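Here's model_1.cif, which has mmCIF, C-alpha atoms:
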data_query
#
loop_
_atom_site.label_atom_id
_atom_site.label_comp_id
_atom_site.auth_asym_id
_atom_site.auth_seq_id
_atom_site.Cartn_x
_atom_site.Cartn_y
_atom_site.Cartn_z
CA MET S 1 -1.25 1.60 23.08
CA SER S 2 -0.62 4.07 25.89
CA ASP S 3 -2.77 7.11 26.46
CA SER S 4 0.09 9.43 25.61
CA LYS S 5 -0.05 8.43 21.98
CA SER S 6 -2.43 10.16 19.62
CA LYS S 7 -3.83 7.15 17.86
CA LEU S 8 -5.90 7.37 14.69
CA THR S 9 -7.63 4.26 13.37
CA ILE S 10 -7.47 3.85 9.59
CA ASP S 11 -10.03 1.49 8.06
CA ILE S 12 -11.52 0.31 4.77
CA ASN S 13 -14.37 -1.97 3.69
CA ALA S 14 -14.05 -4.01 0.52
CA GLU S 15 -16.35 -6.15 -1.58
CA ARG S 16 -15.49 -8.70 -4.24
CA GLU S 17 -17.13 -7.66 -7.52
CA SER S 18 -15.46 -10.42 -9.54
CA PRO S 19 -12.50 -12.79 -9.09
CA THR S 20 -10.14 -9.89 -9.89
CA ARG S 21 -12.16 -6.74 -9.21
CA THR S 22 -12.69 -5.25 -5.76
CA THR S 23 -14.63 -2.15 -4.74
CA VAL S 24 -13.14 -0.51 -1.68
CA GLU S 25 -14.84 2.15 0.42
CA THR S 26 -13.06 4.44 2.86
CA ARG S 27 -14.60 7.59 4.41
CA GLY S 28 -17.04 7.95 1.49
CA PHE S 29 -14.38 7.50 -1.21
CA GLU S 30 -14.89 4.49 -3.48
CA LEU S 31 -11.99 2.90 -5.35
CA THR S 32 -11.76 0.08 -7.84
CA VAL S 33 -8.89 -2.41 -7.81
CA ASP S 34 -8.62 -4.76 -10.77
CA GLU S 35 -6.14 -6.76 -12.82
CA THR S 36 -5.19 -6.23 -16.47
CA GLU S 37 -6.78 -8.42 -19.13
CA GLU S 38 -3.40 -10.21 -19.48
CA MET S 39 -3.74 -11.19 -15.79
CA GLY S 40 -7.33 -12.35 -16.28
CA GLY S 41 -9.00 -9.15 -15.14
CA THR S 42 -11.13 -6.40 -16.64
CA ASN S 43 -8.70 -3.48 -16.14
CA LYS S 44 -11.26 -1.22 -14.46
CA GLY S 45 -8.61 0.18 -12.11
CA PRO S 46 -4.99 -0.11 -11.04
CA ASN S 47 -3.84 -3.44 -9.64
CA PRO S 48 -3.09 -4.01 -5.94
CA LEU S 49 0.68 -3.52 -6.20
CA GLU S 50 0.16 -0.28 -8.14
CA TYR S 51 -2.08 0.90 -5.27
CA LEU S 52 0.72 0.05 -2.83
CA LEU S 53 3.11 2.34 -4.72
CA VAL S 54 0.40 5.05 -4.98
CA ALA S 55 0.16 4.91 -1.18
CA GLN S 56 3.93 5.22 -0.81
CA ALA S 57 4.16 8.16 -3.25
CA GLY S 58 1.37 10.10 -1.52
CA CYS S 59 2.96 9.37 1.82
CA LEU S 60 6.40 10.57 0.76
CA ASN S 61 4.88 13.89 -0.34
CA VAL S 62 3.05 14.54 2.95
CA THR S 63 6.06 13.39 4.94
CA GLY S 64 8.24 15.57 2.72
CA GLN S 65 6.25 18.59 3.84
CA GLN S 66 6.47 17.57 7.51
CA ILE S 67 10.27 17.26 7.36
CA ALA S 68 10.60 20.45 5.28
CA THR S 69 8.69 22.36 7.96
CA GLU S 70 10.96 20.89 10.66
CA MET S 71 14.09 21.82 8.64
CA ASP S 72 12.66 25.22 7.71
CA LEU S 73 13.00 24.71 3.98
CA GLU S 74 10.58 25.39 1.17
CA ILE S 75 9.67 22.76 -1.42
CA ASN S 76 8.73 24.31 -4.76
CA GLN S 77 8.24 21.14 -6.75
CA LEU S 78 8.44 17.39 -6.18
CA GLU S 79 8.12 14.47 -8.56
CA ILE S 80 8.35 10.91 -7.35
CA ALA S 81 8.81 7.75 -9.41
CA ILE S 82 8.60 4.35 -7.73
CA GLU S 83 9.06 0.92 -9.20
CA GLY S 84 9.37 -2.64 -7.98
CA ASP S 85 9.46 -6.17 -9.37
CA PHE S 86 6.68 -8.71 -9.02
CA ASN S 87 7.44 -12.40 -9.47
CA GLN S 88 4.37 -13.84 -11.21
CA SER S 89 5.62 -17.44 -10.82
CA ALA S 90 5.74 -17.08 -7.04
CA PHE S 91 2.17 -15.76 -7.04
CA ALA S 92 1.08 -18.72 -9.16
CA GLY S 93 2.67 -21.05 -6.59
CA ASP S 94 5.30 -22.30 -9.07
CA ASP S 95 8.24 -20.73 -7.27
CA ASP S 96 9.27 -20.53 -3.59
CA ASP S 97 10.31 -16.89 -3.94
CA ARG S 98 8.35 -14.25 -2.06
CA THR S 99 5.24 -12.84 -3.76
CA GLY S 100 5.56 -9.20 -2.68
CA LEU S 101 7.34 -6.44 -4.58
CA GLN S 102 11.12 -6.70 -4.62
CA ASP S 103 13.88 -4.24 -5.51
CA ILE S 104 11.71 -1.21 -4.81
CA THR S 105 13.39 1.99 -5.94
CA VAL S 106 12.16 5.49 -5.16
CA THR S 107 13.45 8.42 -7.22
CA MET S 108 12.65 11.91 -6.02
CA ASP S 109 13.16 14.92 -8.24
CA VAL S 110 13.04 17.94 -5.96
CA ASP S 111 13.14 21.67 -6.42
CA ALA S 112 13.64 23.27 -3.00
CA ASP S 113 15.21 26.39 -1.55
CA ALA S 114 18.22 24.58 -0.10
CA ASP S 115 21.66 23.35 -1.12
CA ASP S 116 22.13 19.82 -2.45
CA GLU S 117 23.48 18.41 0.82
CA THR S 118 20.51 19.77 2.78
CA ILE S 119 18.12 18.28 0.22
CA ARG S 120 19.84 14.88 0.54
CA THR S 121 19.47 15.08 4.33
CA TRP S 122 15.82 16.04 3.87
CA ALA S 123 15.20 13.05 1.54
CA GLN S 124 16.82 10.63 3.97
CA ARG S 125 14.68 11.88 6.84
CA VAL S 126 11.54 11.73 4.69
CA GLU S 127 12.19 8.12 3.80
CA GLU S 128 12.83 7.25 7.46
CA ARG S 129 9.70 9.00 8.77
CA CYS S 130 7.26 8.02 5.98
CA PRO S 131 4.56 5.73 7.45
CA VAL S 132 3.99 3.67 4.28
CA SER S 133 7.76 3.22 3.77
CA ASP S 134 7.92 2.05 7.39
CA ASN S 135 5.26 -0.59 6.70
CA VAL S 136 7.07 -1.71 3.54
CA LYS S 137 10.60 -1.78 4.97
CA ASN S 138 9.87 -3.26 8.38
CA GLU S 139 7.90 -6.18 9.73
CA THR S 140 4.28 -5.49 10.70
CA ALA S 141 2.02 -8.12 12.23
CA VAL S 142 -1.25 -8.77 10.44
CA GLN S 143 -3.98 -10.55 12.36
CA LEU S 144 -6.46 -12.46 10.25
CA SER S 145 -9.92 -13.61 11.19
CA VAL S 146 -12.32 -15.34 8.87
CA ASP S 147 -16.09 -15.74 9.15
CA PRO S 148 -17.00 -18.73 6.98
CA MET T 1 16.65 -12.03 -10.72
CA SER T 2 17.16 -15.28 -12.60
CA ASP T 3 15.75 -15.87 -16.05
CA SER T 4 13.45 -18.59 -14.75
CA LYS T 5 11.34 -16.05 -12.94
CA SER T 6 8.54 -14.31 -14.74
CA LYS T 7 9.20 -10.80 -13.56
CA LEU T 8 6.73 -7.95 -14.02
CA THR T 9 7.81 -4.40 -13.22
CA ILE T 10 5.18 -2.30 -11.41
CA ASP T 11 5.66 1.47 -11.55
CA ILE T 12 3.99 4.77 -10.79
CA ASN T 13 4.75 8.46 -11.38
CA ALA T 14 3.65 11.05 -8.87
CA GLU T 15 3.54 14.83 -8.70
CA ARG T 16 3.10 17.08 -5.69
CA GLU T 17 0.00 19.25 -6.18
CA SER T 18 0.16 20.75 -2.71
CA PRO T 19 1.90 19.96 0.61
CA THR T 20 -0.70 17.22 1.21
CA ARG T 21 -2.12 16.39 -2.22
CA THR T 22 -0.41 14.11 -4.73
CA THR T 23 -1.54 13.08 -8.20
CA VAL T 24 -0.31 9.62 -9.11
CA GLU T 25 -0.37 8.12 -12.59
CA THR T 26 -0.05 4.43 -13.39
CA ARG T 27 -0.86 2.84 -16.78
CA GLY T 28 -3.20 5.70 -17.69
CA PHE T 29 -5.07 5.65 -14.36
CA GLU T 30 -4.85 8.86 -12.32
CA LEU T 31 -5.39 8.85 -8.57
CA THR T 32 -5.48 11.58 -5.96
CA VAL T 33 -3.99 11.13 -2.50
CA ASP T 34 -4.77 13.80 0.07
CA GLU T 35 -5.16 14.40 3.77
CA THR T 36 -8.30 15.36 5.65
CA GLU T 37 -8.85 18.98 6.61
CA GLU T 38 -8.13 18.00 10.25
CA MET T 39 -4.66 16.87 9.06
CA GLY T 40 -4.12 20.11 7.11
CA GLY T 41 -5.22 18.75 3.74
CA THR T 42 -8.06 19.37 1.27
CA ASN T 43 -9.67 15.88 1.44
CA LYS T 44 -9.72 15.40 -2.36
CA GLY T 45 -8.97 11.70 -1.96
CA PRO T 46 -8.12 8.96 0.54
CA ASN T 47 -4.96 9.39 2.59
CA PRO T 48 -1.79 7.32 2.02
CA LEU T 49 -2.49 4.75 4.75
CA GLU T 50 -6.03 4.26 3.44
CA TYR T 51 -4.49 3.55 -0.01
CA LEU T 52 -2.21 0.97 1.62
CA LEU T 53 -5.26 -0.88 2.99
CA VAL T 54 -7.07 -0.53 -0.36
CA ALA T 55 -4.07 -2.26 -1.94
CA GLN T 56 -4.17 -5.06 0.61
CA ALA T 57 -7.94 -5.60 0.22
CA GLY T 58 -7.75 -5.80 -3.57
CA CYS T 59 -4.78 -8.13 -3.28
CA LEU T 60 -6.55 -10.48 -0.87
CA ASN T 61 -9.45 -10.80 -3.32
CA VAL T 62 -7.27 -11.69 -6.33
CA THR T 63 -5.14 -14.00 -4.21
CA GLY T 64 -8.35 -15.49 -2.82
CA GLN T 65 -9.36 -16.50 -6.32
CA GLN T 66 -5.90 -17.95 -7.05
CA ILE T 67 -6.00 -20.15 -3.93
CA ALA T 68 -9.66 -21.09 -4.53
CA THR T 69 -8.74 -22.32 -8.01
CA GLU T 70 -5.84 -24.35 -6.58
CA MET T 71 -8.12 -25.85 -3.90
CA ASP T 72 -10.97 -26.36 -6.37
CA LEU T 73 -13.50 -24.37 -4.41
CA GLU T 74 -15.97 -21.73 -5.50
CA ILE T 75 -16.22 -18.32 -3.83
CA ASN T 76 -19.72 -16.87 -4.03
CA GLN T 77 -19.17 -13.75 -2.00
CA LEU T 78 -16.32 -12.06 -0.14
CA GLU T 79 -16.24 -8.98 2.05
CA ILE T 80 -13.03 -7.74 3.60
CA ALA T 81 -12.59 -5.19 6.38
CA ILE T 82 -9.11 -4.01 7.33
CA GLU T 83 -8.04 -1.59 10.01
CA GLY T 84 -4.83 -0.42 11.61
CA ASP T 85 -3.63 2.21 14.04
CA PHE T 86 -1.58 5.26 13.10
CA ASN T 87 0.41 7.09 15.75
CA GLN T 88 0.16 10.77 14.83
CA SER T 89 2.70 11.80 17.50
CA ALA T 90 5.37 9.57 15.92
CA PHE T 91 4.69 11.13 12.52
CA ALA T 92 5.03 14.59 14.05
CA GLY T 93 8.42 13.56 15.47
CA ASP T 94 7.20 13.85 19.08
CA ASP T 95 7.42 10.15 19.81
CA ASP T 96 10.05 7.44 19.08
CA ASP T 97 7.39 4.90 18.13
CA ARG T 98 7.22 3.72 14.52
CA THR T 99 5.16 5.82 12.09
CA GLY T 100 3.62 3.00 10.04
CA LEU T 101 0.30 1.27 10.71
CA GLN T 102 0.27 -1.02 13.74
CA ASP T 103 -2.13 -3.71 14.93
CA ILE T 104 -3.45 -4.38 11.44
CA THR T 105 -6.45 -6.68 11.50
CA VAL T 106 -8.05 -8.27 8.45
CA THR T 107 -11.58 -9.68 8.73
CA MET T 108 -12.87 -11.77 5.84
CA ASP T 109 -16.53 -12.65 5.55
CA VAL T 110 -16.71 -15.45 3.00
CA ASP T 111 -19.50 -17.38 1.34
CA ALA T 112 -17.92 -20.35 -0.45
CA ASP T 113 -18.91 -23.87 -1.43
CA ALA T 114 -16.78 -25.56 1.23
CA ASP T 115 -16.93 -26.53 4.90
CA ASP T 116 -15.68 -24.17 7.61
CA GLU T 117 -12.34 -25.94 8.10
CA THR T 118 -11.59 -25.81 4.36
CA ILE T 119 -12.47 -22.11 4.31
CA ARG T 120 -10.12 -21.45 7.25
CA THR T 121 -7.33 -23.29 5.40
CA TRP T 122 -8.12 -21.23 2.28
CA ALA T 123 -7.96 -17.95 4.27
CA GLN T 124 -4.62 -18.88 5.82
CA ARG T 125 -3.13 -19.69 2.41
CA VAL T 126 -4.53 -16.47 0.93
CA GLU T 127 -2.91 -14.39 3.63
CA GLU T 128 0.42 -16.22 3.15
CA ARG T 129 0.43 -15.84 -0.64
CA CYS T 130 -0.95 -12.29 -0.92
CA PRO T 131 1.78 -10.01 -2.37
CA VAL T 132 0.73 -6.84 -0.51
CA SER T 133 0.43 -8.75 2.80
CA ASP T 134 3.94 -10.06 2.12
CA ASN T 135 5.25 -6.50 1.72
CA VAL T 136 3.47 -5.40 4.91
CA LYS T 137 4.44 -8.38 7.08
CA ASN T 138 8.04 -8.85 5.96
CA GLU T 139 11.04 -6.62 5.43
CA THR T 140 11.51 -5.17 1.95
CA ALA T 141 14.48 -3.04 0.99
CA VAL T 142 13.68 0.37 -0.48
CA GLN T 143 16.42 2.13 -2.40
CA LEU T 144 16.16 5.91 -2.48
CA SER T 145 17.77 8.30 -4.89
CA VAL T 146 17.24 12.02 -4.94
CA ASP T 147 17.89 14.53 -7.70
CA PRO T 148 18.21 17.93 -6.00
#
Let's see the structure in the file written out as structure tokens.
Amino acid sequence: MSDSKSKLTIDINAERESPTRTTVETRGFELTVDETEEMGGTNKGPNPLEYLLVAQAGCLNVTGQQIATEMDLEINQLEIAIEGDFNQSAFAGDDDDRTGLQDITVTMDVDADADDETIRTWAQRVEERCPVSDNVKNETAVQLSVDP
Amino acid sequence: MSDSKSKLTIDINAERESPTRTTVETRGFELTVDETEEMGGTNKGPNPLEYLLVAQAGCLNVTGQQIATEMDLEINQLEIAIEGDFNQSAFAGDDDDRTGLQDITVTMDVDADADDETIRTWAQRVEERCPVSDNVKNETAVQLSVDP
């Protein structure tokens, strides 16, 4: 990465507590990821794909503010609903389909001091700029190393 | 999606608490996403990109168990570190680079009842099957609708 870019490294450290439960630490925050009892877990926290959508929702809000500032509009209220479909058979290895979320839909309910067309332009720019949406929509290389 | 697939819908509902802080609800769990004070936030929770890596870590653990069961090996301990680079200038609109995490690296420290080559095969399969890794590595369409 060139020197002209203001790079920030994001990192987490995770530990397996059980076959389904993971404790994740980041900057002093500790989070629990788990699976529901139906999925063989202990339901001590949201599941991984729910965390993915939590990330996207939080990101759309922050990005929403960034774009609103650029467009000089005021957001009074914002609600975001996100859903996607998970193919359990693919995860179980019984199906060649992809395992990640499919058919992700984001619905934003916005109250802002702007006309409808401006708000639609704002929403489009938010979705394009949002870092987590970028990682979901586009390819990102992941390098894996394992220490057996 | 065909009837042969066992589809599970994952969903969240989020509300803007402030320009940087979002409260997200999923299946009765409530999470707070925020930005650090340096980024203009109130640091009441991890930031969106940290949540993305939390999702991936939790997912690698659960997927790790799935693959271990398929390969008939026992995992005694697993630690996962993930990091990626965020280009703040791109987010601010000052740079044409992508805004999502780049150069994501996953490091797995595994203690399992298997030889090193088997563990490397296990890790490779985990990374390939992991739903969140799939969403990060490959393209996924996101449909946006806005209610002004």
Write out chain S, as a PDB file with C-alpha atoms, keeping the file's coordinate frame, after superposing it onto chain T by least squares using every C-alpha atom paired in order.
ATOM      1  CA  MET S   1      16.643 -12.010 -10.749  1.00  0.00           C
ATOM      2  CA  SER S   2      17.166 -15.260 -12.635  1.00  0.00           C
ATOM      3  CA  ASP S   3      15.744 -15.884 -16.067  1.00  0.00           C
ATOM      4  CA  SER S   4      13.464 -18.597 -14.752  1.00  0.00           C
ATOM      5  CA  LYS S   5      11.345 -16.068 -12.932  1.00  0.00           C
ATOM      6  CA  SER S   6       8.542 -14.292 -14.725  1.00  0.00           C
ATOM      7  CA  LYS S   7       9.204 -10.783 -13.555  1.00  0.00           C
ATOM      8  CA  LEU S   8       6.741  -7.937 -14.016  1.00  0.00           C
ATOM      9  CA  THR S   9       7.820  -4.386 -13.218  1.00  0.00           C
ATOM     10  CA  ILE S  10       5.191  -2.307 -11.415  1.00  0.00           C
ATOM     11  CA  ASP S  11       5.666   1.464 -11.556  1.00  0.00           C
ATOM     12  CA  ILE S  12       3.986   4.788 -10.805  1.00  0.00           C
ATOM     13  CA  ASN S  13       4.766   8.468 -11.383  1.00  0.00           C
ATOM     14  CA  ALA S  14       3.646  11.049  -8.854  1.00  0.00           C
ATOM     15  CA  GLU S  15       3.531  14.823  -8.688  1.00  0.00           C
ATOM     16  CA  ARG S  16       3.103  17.080  -5.681  1.00  0.00           C
ATOM     17  CA  GLU S  17       0.007  19.244  -6.195  1.00  0.00           C
ATOM     18  CA  SER S  18       0.165  20.767  -2.711  1.00  0.00           C
ATOM     19  CA  PRO S  19       1.896  19.964   0.597  1.00  0.00           C
ATOM     20  CA  THR S  20      -0.695  17.220   1.212  1.00  0.00           C
ATOM     21  CA  ARG S  21      -2.111  16.394  -2.220  1.00  0.00           C
ATOM     22  CA  THR S  22      -0.413  14.114  -4.735  1.00  0.00           C
ATOM     23  CA  THR S  23      -1.540  13.089  -8.212  1.00  0.00           C
ATOM     24  CA  VAL S  24      -0.332   9.624  -9.111  1.00  0.00           C
ATOM     25  CA  GLU S  25      -0.363   8.136 -12.598  1.00  0.00           C
ATOM     26  CA  THR S  26      -0.060   4.437 -13.370  1.00  0.00           C
ATOM     27  CA  ARG S  27      -0.834   2.853 -16.774  1.00  0.00           C
ATOM     28  CA  GLY S  28      -3.179   5.730 -17.688  1.00  0.00           C
ATOM     29  CA  PHE S  29      -5.076   5.663 -14.376  1.00  0.00           C
ATOM     30  CA  GLU S  30      -4.845   8.861 -12.329  1.00  0.00           C
ATOM     31  CA  LEU S  31      -5.385   8.854  -8.568  1.00  0.00           C
ATOM     32  CA  THR S  32      -5.479  11.582  -5.969  1.00  0.00           C
ATOM     33  CA  VAL S  33      -3.987  11.121  -2.505  1.00  0.00           C
ATOM     34  CA  ASP S  34      -4.745  13.801   0.065  1.00  0.00           C
ATOM     35  CA  GLU S  35      -5.138  14.389   3.787  1.00  0.00           C
ATOM     36  CA  THR S  36      -8.310  15.362   5.657  1.00  0.00           C
ATOM     37  CA  GLU S  37      -8.854  18.995   6.608  1.00  0.00           C
ATOM     38  CA  GLU S  38      -8.128  18.007  10.247  1.00  0.00           C
ATOM     39  CA  MET S  39      -4.664  16.874   9.060  1.00  0.00           C
ATOM     40  CA  GLY S  40      -4.120  20.095   7.110  1.00  0.00           C
ATOM     41  CA  GLY S  41      -5.233  18.778   3.740  1.00  0.00           C
ATOM     42  CA  THR S  42      -8.049  19.374   1.277  1.00  0.00           C
ATOM     43  CA  ASN S  43      -9.664  15.903   1.430  1.00  0.00           C
ATOM     44  CA  LYS S  44      -9.717  15.411  -2.344  1.00  0.00           C
ATOM     45  CA  GLY S  45      -8.951  11.700  -1.957  1.00  0.00           C
ATOM     46  CA  PRO S  46      -8.119   8.978   0.539  1.00  0.00           C
ATOM     47  CA  ASN S  47      -4.959   9.392   2.592  1.00  0.00           C
ATOM     48  CA  PRO S  48      -1.804   7.320   2.021  1.00  0.00           C
ATOM     49  CA  LEU S  49      -2.496   4.749   4.746  1.00  0.00           C
ATOM     50  CA  GLU S  50      -6.040   4.258   3.430  1.00  0.00           C
ATOM     51  CA  TYR S  51      -4.504   3.554  -0.004  1.00  0.00           C
ATOM     52  CA  LEU S  52      -2.227   0.970   1.624  1.00  0.00           C
ATOM     53  CA  LEU S  53      -5.258  -0.887   3.000  1.00  0.00           C
ATOM     54  CA  VAL S  54      -7.075  -0.535  -0.367  1.00  0.00           C
ATOM     55  CA  ALA S  55      -4.073  -2.263  -1.954  1.00  0.00           C
ATOM     56  CA  GLN S  56      -4.169  -5.058   0.619  1.00  0.00           C
ATOM     57  CA  ALA S  57      -7.936  -5.605   0.225  1.00  0.00           C
ATOM     58  CA  GLY S  58      -7.734  -5.794  -3.579  1.00  0.00           C
ATOM     59  CA  CYS S  59      -4.790  -8.131  -3.286  1.00  0.00           C
ATOM     60  CA  LEU S  60      -6.535 -10.478  -0.869  1.00  0.00           C
ATOM     61  CA  ASN S  61      -9.442 -10.803  -3.315  1.00  0.00           C
ATOM     62  CA  VAL S  62      -7.263 -11.689  -6.326  1.00  0.00           C
ATOM     63  CA  THR S  63      -5.146 -14.007  -4.208  1.00  0.00           C
ATOM     64  CA  GLY S  64      -8.348 -15.496  -2.808  1.00  0.00           C
ATOM     65  CA  GLN S  65      -9.345 -16.495  -6.321  1.00  0.00           C
ATOM     66  CA  GLN S  66      -5.897 -17.956  -7.053  1.00  0.00           C
ATOM     67  CA  ILE S  67      -5.992 -20.153  -3.934  1.00  0.00           C
ATOM     68  CA  ALA S  68      -9.651 -21.091  -4.521  1.00  0.00           C
ATOM     69  CA  THR S  69      -8.746 -22.321  -8.006  1.00  0.00           C
ATOM     70  CA  GLU S  70      -5.845 -24.349  -6.564  1.00  0.00           C
ATOM     71  CA  MET S  71      -8.134 -25.848  -3.871  1.00  0.00           C
ATOM     72  CA  ASP S  72     -10.968 -26.364  -6.356  1.00  0.00           C
ATOM     73  CA  LEU S  73     -13.502 -24.370  -4.384  1.00  0.00           C
ATOM     74  CA  GLU S  74     -15.970 -21.743  -5.490  1.00  0.00           C
ATOM     75  CA  ILE S  75     -16.209 -18.336  -3.820  1.00  0.00           C
ATOM     76  CA  ASN S  76     -19.712 -16.880  -4.040  1.00  0.00           C
ATOM     77  CA  GLN S  77     -19.165 -13.749  -2.004  1.00  0.00           C
ATOM     78  CA  LEU S  78     -16.323 -12.057  -0.136  1.00  0.00           C
ATOM     79  CA  GLU S  79     -16.243  -8.975   2.052  1.00  0.00           C
ATOM     80  CA  ILE S  80     -13.036  -7.740   3.596  1.00  0.00           C
ATOM     81  CA  ALA S  81     -12.594  -5.191   6.379  1.00  0.00           C
ATOM     82  CA  ILE S  82      -9.111  -4.005   7.321  1.00  0.00           C
ATOM     83  CA  GLU S  83      -8.044  -1.608  10.014  1.00  0.00           C
ATOM     84  CA  GLY S  84      -4.833  -0.430  11.615  1.00  0.00           C
ATOM     85  CA  ASP S  85      -3.624   2.221  14.047  1.00  0.00           C
ATOM     86  CA  PHE S  86      -1.588   5.265  13.100  1.00  0.00           C
ATOM     87  CA  ASN S  87       0.410   7.089  15.761  1.00  0.00           C
ATOM     88  CA  GLN S  88       0.155  10.778  14.837  1.00  0.00           C
ATOM     89  CA  SER S  89       2.714  11.801  17.499  1.00  0.00           C
ATOM     90  CA  ALA S  90       5.361   9.570  15.935  1.00  0.00           C
ATOM     91  CA  PHE S  91       4.679  11.126  12.529  1.00  0.00           C
ATOM     92  CA  ALA S  92       5.021  14.592  14.050  1.00  0.00           C
ATOM     93  CA  GLY S  93       8.408  13.555  15.467  1.00  0.00           C
ATOM     94  CA  ASP S  94       7.196  13.845  19.084  1.00  0.00           C
ATOM     95  CA  ASP S  95       7.419  10.136  19.817  1.00  0.00           C
ATOM     96  CA  ASP S  96      10.050   7.459  19.070  1.00  0.00           C
ATOM     97  CA  ASP S  97       7.388   4.917  18.120  1.00  0.00           C
ATOM     98  CA  ARG S  98       7.215   3.720  14.531  1.00  0.00           C
ATOM     99  CA  THR S  99       5.156   5.807  12.090  1.00  0.00           C
ATOM    100  CA  GLY S 100       3.619   2.990  10.035  1.00  0.00           C
ATOM    101  CA  LEU S 101       0.306   1.267  10.707  1.00  0.00           C
ATOM    102  CA  GLN S 102       0.264  -1.002  13.741  1.00  0.00           C
ATOM    103  CA  ASP S 103      -2.131  -3.709  14.923  1.00  0.00           C
ATOM    104  CA  ILE S 104      -3.446  -4.381  11.431  1.00  0.00           C
ATOM    105  CA  THR S 105      -6.450  -6.685  11.500  1.00  0.00           C
ATOM    106  CA  VAL S 106      -8.052  -8.269   8.451  1.00  0.00           C
ATOM    107  CA  THR S 107     -11.574  -9.690   8.723  1.00  0.00           C
ATOM    108  CA  MET S 108     -12.869 -11.762   5.844  1.00  0.00           C
ATOM    109  CA  ASP S 109     -16.527 -12.643   5.542  1.00  0.00           C
ATOM    110  CA  VAL S 110     -16.727 -15.446   3.005  1.00  0.00           C
ATOM    111  CA  ASP S 111     -19.487 -17.376   1.334  1.00  0.00           C
ATOM    112  CA  ALA S 112     -17.931 -20.367  -0.440  1.00  0.00           C
ATOM    113  CA  ASP S 113     -18.910 -23.887  -1.416  1.00  0.00           C
ATOM    114  CA  ALA S 114     -16.779 -25.554   1.252  1.00  0.00           C
ATOM    115  CA  ASP S 115     -16.928 -26.551   4.909  1.00  0.00           C
ATOM    116  CA  ASP S 116     -15.690 -24.176   7.607  1.00  0.00           C
ATOM    117  CA  GLU S 117     -12.350 -25.939   8.095  1.00  0.00           C
ATOM    118  CA  THR S 118     -11.590 -25.804   4.364  1.00  0.00           C
ATOM    119  CA  ILE S 119     -12.470 -22.102   4.304  1.00  0.00           C
ATOM    120  CA  ARG S 120     -10.117 -21.458   7.248  1.00  0.00           C
ATOM    121  CA  THR S 121      -7.335 -23.288   5.390  1.00  0.00           C
ATOM    122  CA  TRP S 122      -8.132 -21.240   2.287  1.00  0.00           C
ATOM    123  CA  ALA S 123      -7.954 -17.951   4.263  1.00  0.00           C
ATOM    124  CA  GLN S 124      -4.617 -18.885   5.805  1.00  0.00           C
ATOM    125  CA  ARG S 125      -3.131 -19.692   2.411  1.00  0.00           C
ATOM    126  CA  VAL S 126      -4.526 -16.474   0.928  1.00  0.00           C
ATOM    127  CA  GLU S 127      -2.910 -14.397   3.634  1.00  0.00           C
ATOM    128  CA  GLU S 128       0.414 -16.208   3.149  1.00  0.00           C
ATOM    129  CA  ARG S 129       0.434 -15.854  -0.652  1.00  0.00           C
ATOM    130  CA  CYS S 130      -0.948 -12.289  -0.924  1.00  0.00           C
ATOM    131  CA  PRO S 131       1.777 -10.016  -2.374  1.00  0.00           C
ATOM    132  CA  VAL S 132       0.712  -6.850  -0.513  1.00  0.00           C
ATOM    133  CA  SER S 133       0.434  -8.763   2.795  1.00  0.00           C
ATOM    134  CA  ASP S 134       3.944 -10.075   2.114  1.00  0.00           C
ATOM    135  CA  ASN S 135       5.244  -6.515   1.715  1.00  0.00           C
ATOM    136  CA  VAL S 136       3.468  -5.419   4.903  1.00  0.00           C
ATOM    137  CA  LYS S 137       4.438  -8.392   7.077  1.00  0.00           C
ATOM    138  CA  ASN S 138       8.029  -8.847   5.959  1.00  0.00           C
ATOM    139  CA  GLU S 139      11.034  -6.628   5.439  1.00  0.00           C
ATOM    140  CA  THR S 140      11.501  -5.185   1.943  1.00  0.00           C
ATOM    141  CA  ALA S 141      14.471  -3.034   0.982  1.00  0.00           C
ATOM    142  CA  VAL S 142      13.678   0.364  -0.482  1.00  0.00           C
ATOM    143  CA  GLN S 143      16.420   2.136  -2.393  1.00  0.00           C
ATOM    144  CA  LEU S 144      16.158   5.901  -2.479  1.00  0.00           C
ATOM    145  CA  SER S 145      17.780   8.294  -4.891  1.00  0.00           C
ATOM    146  CA  VAL S 146      17.238  12.014  -4.928  1.00  0.00           C
ATOM    147  CA  ASP S 147      17.888  14.525  -7.707  1.00  0.00           C
ATOM    148  CA  PRO S 148      18.201  17.918  -6.015  1.00  0.00           C
TER     149      PRO S 148
END
Checklist line | Test item: which residues lie within 7 Å of (-12.8, -0.9, -4.3) counting only C-alpha atoms, as a PyMOL selection string | finding: (chain S and resi 14-15+22-25+30-33) or (chain T and resi 54)
Would you export the selected residues with C-alpha atoms as a PDB file, in the frame of the given file, please?
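out-v8.pdb, written as the output of this step:
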ATOM      1  CA  ALA S  14     -14.050  -4.010   0.520  1.00  0.00           C
ATOM      2  CA  GLU S  15     -16.350  -6.150  -1.580  1.00  0.00           C
ATOM      3  CA  THR S  22     -12.690  -5.250  -5.760  1.00  0.00           C
ATOM      4  CA  THR S  23     -14.630  -2.150  -4.740  1.00  0.00           C
ATOM      5  CA  VAL S  24     -13.140  -0.510  -1.680  1.00  0.00           C
ATOM      6  CA  GLU S  25     -14.840   2.150   0.420  1.00  0.00           C
ATOM      7  CA  GLU S  30     -14.890   4.490  -3.480  1.00  0.00           C
ATOM      8  CA  LEU S  31     -11.990   2.900  -5.350  1.00  0.00           C
ATOM      9  CA  THR S  32     -11.760   0.080  -7.840  1.00  0.00           C
ATOM     10  CA  VAL S  33      -8.890  -2.410  -7.810  1.00  0.00           C
TER      11      VAL S  33
ATOM     12  CA  VAL T  54      -7.070  -0.530  -0.360  1.00  0.00           C
TER      13      VAL T  54
END
Check: Between CA of Lys44 (chain T) and CA of Asn43 (chain S), what is the distance, to one decimal in Å?
Finding: 23.4 Å
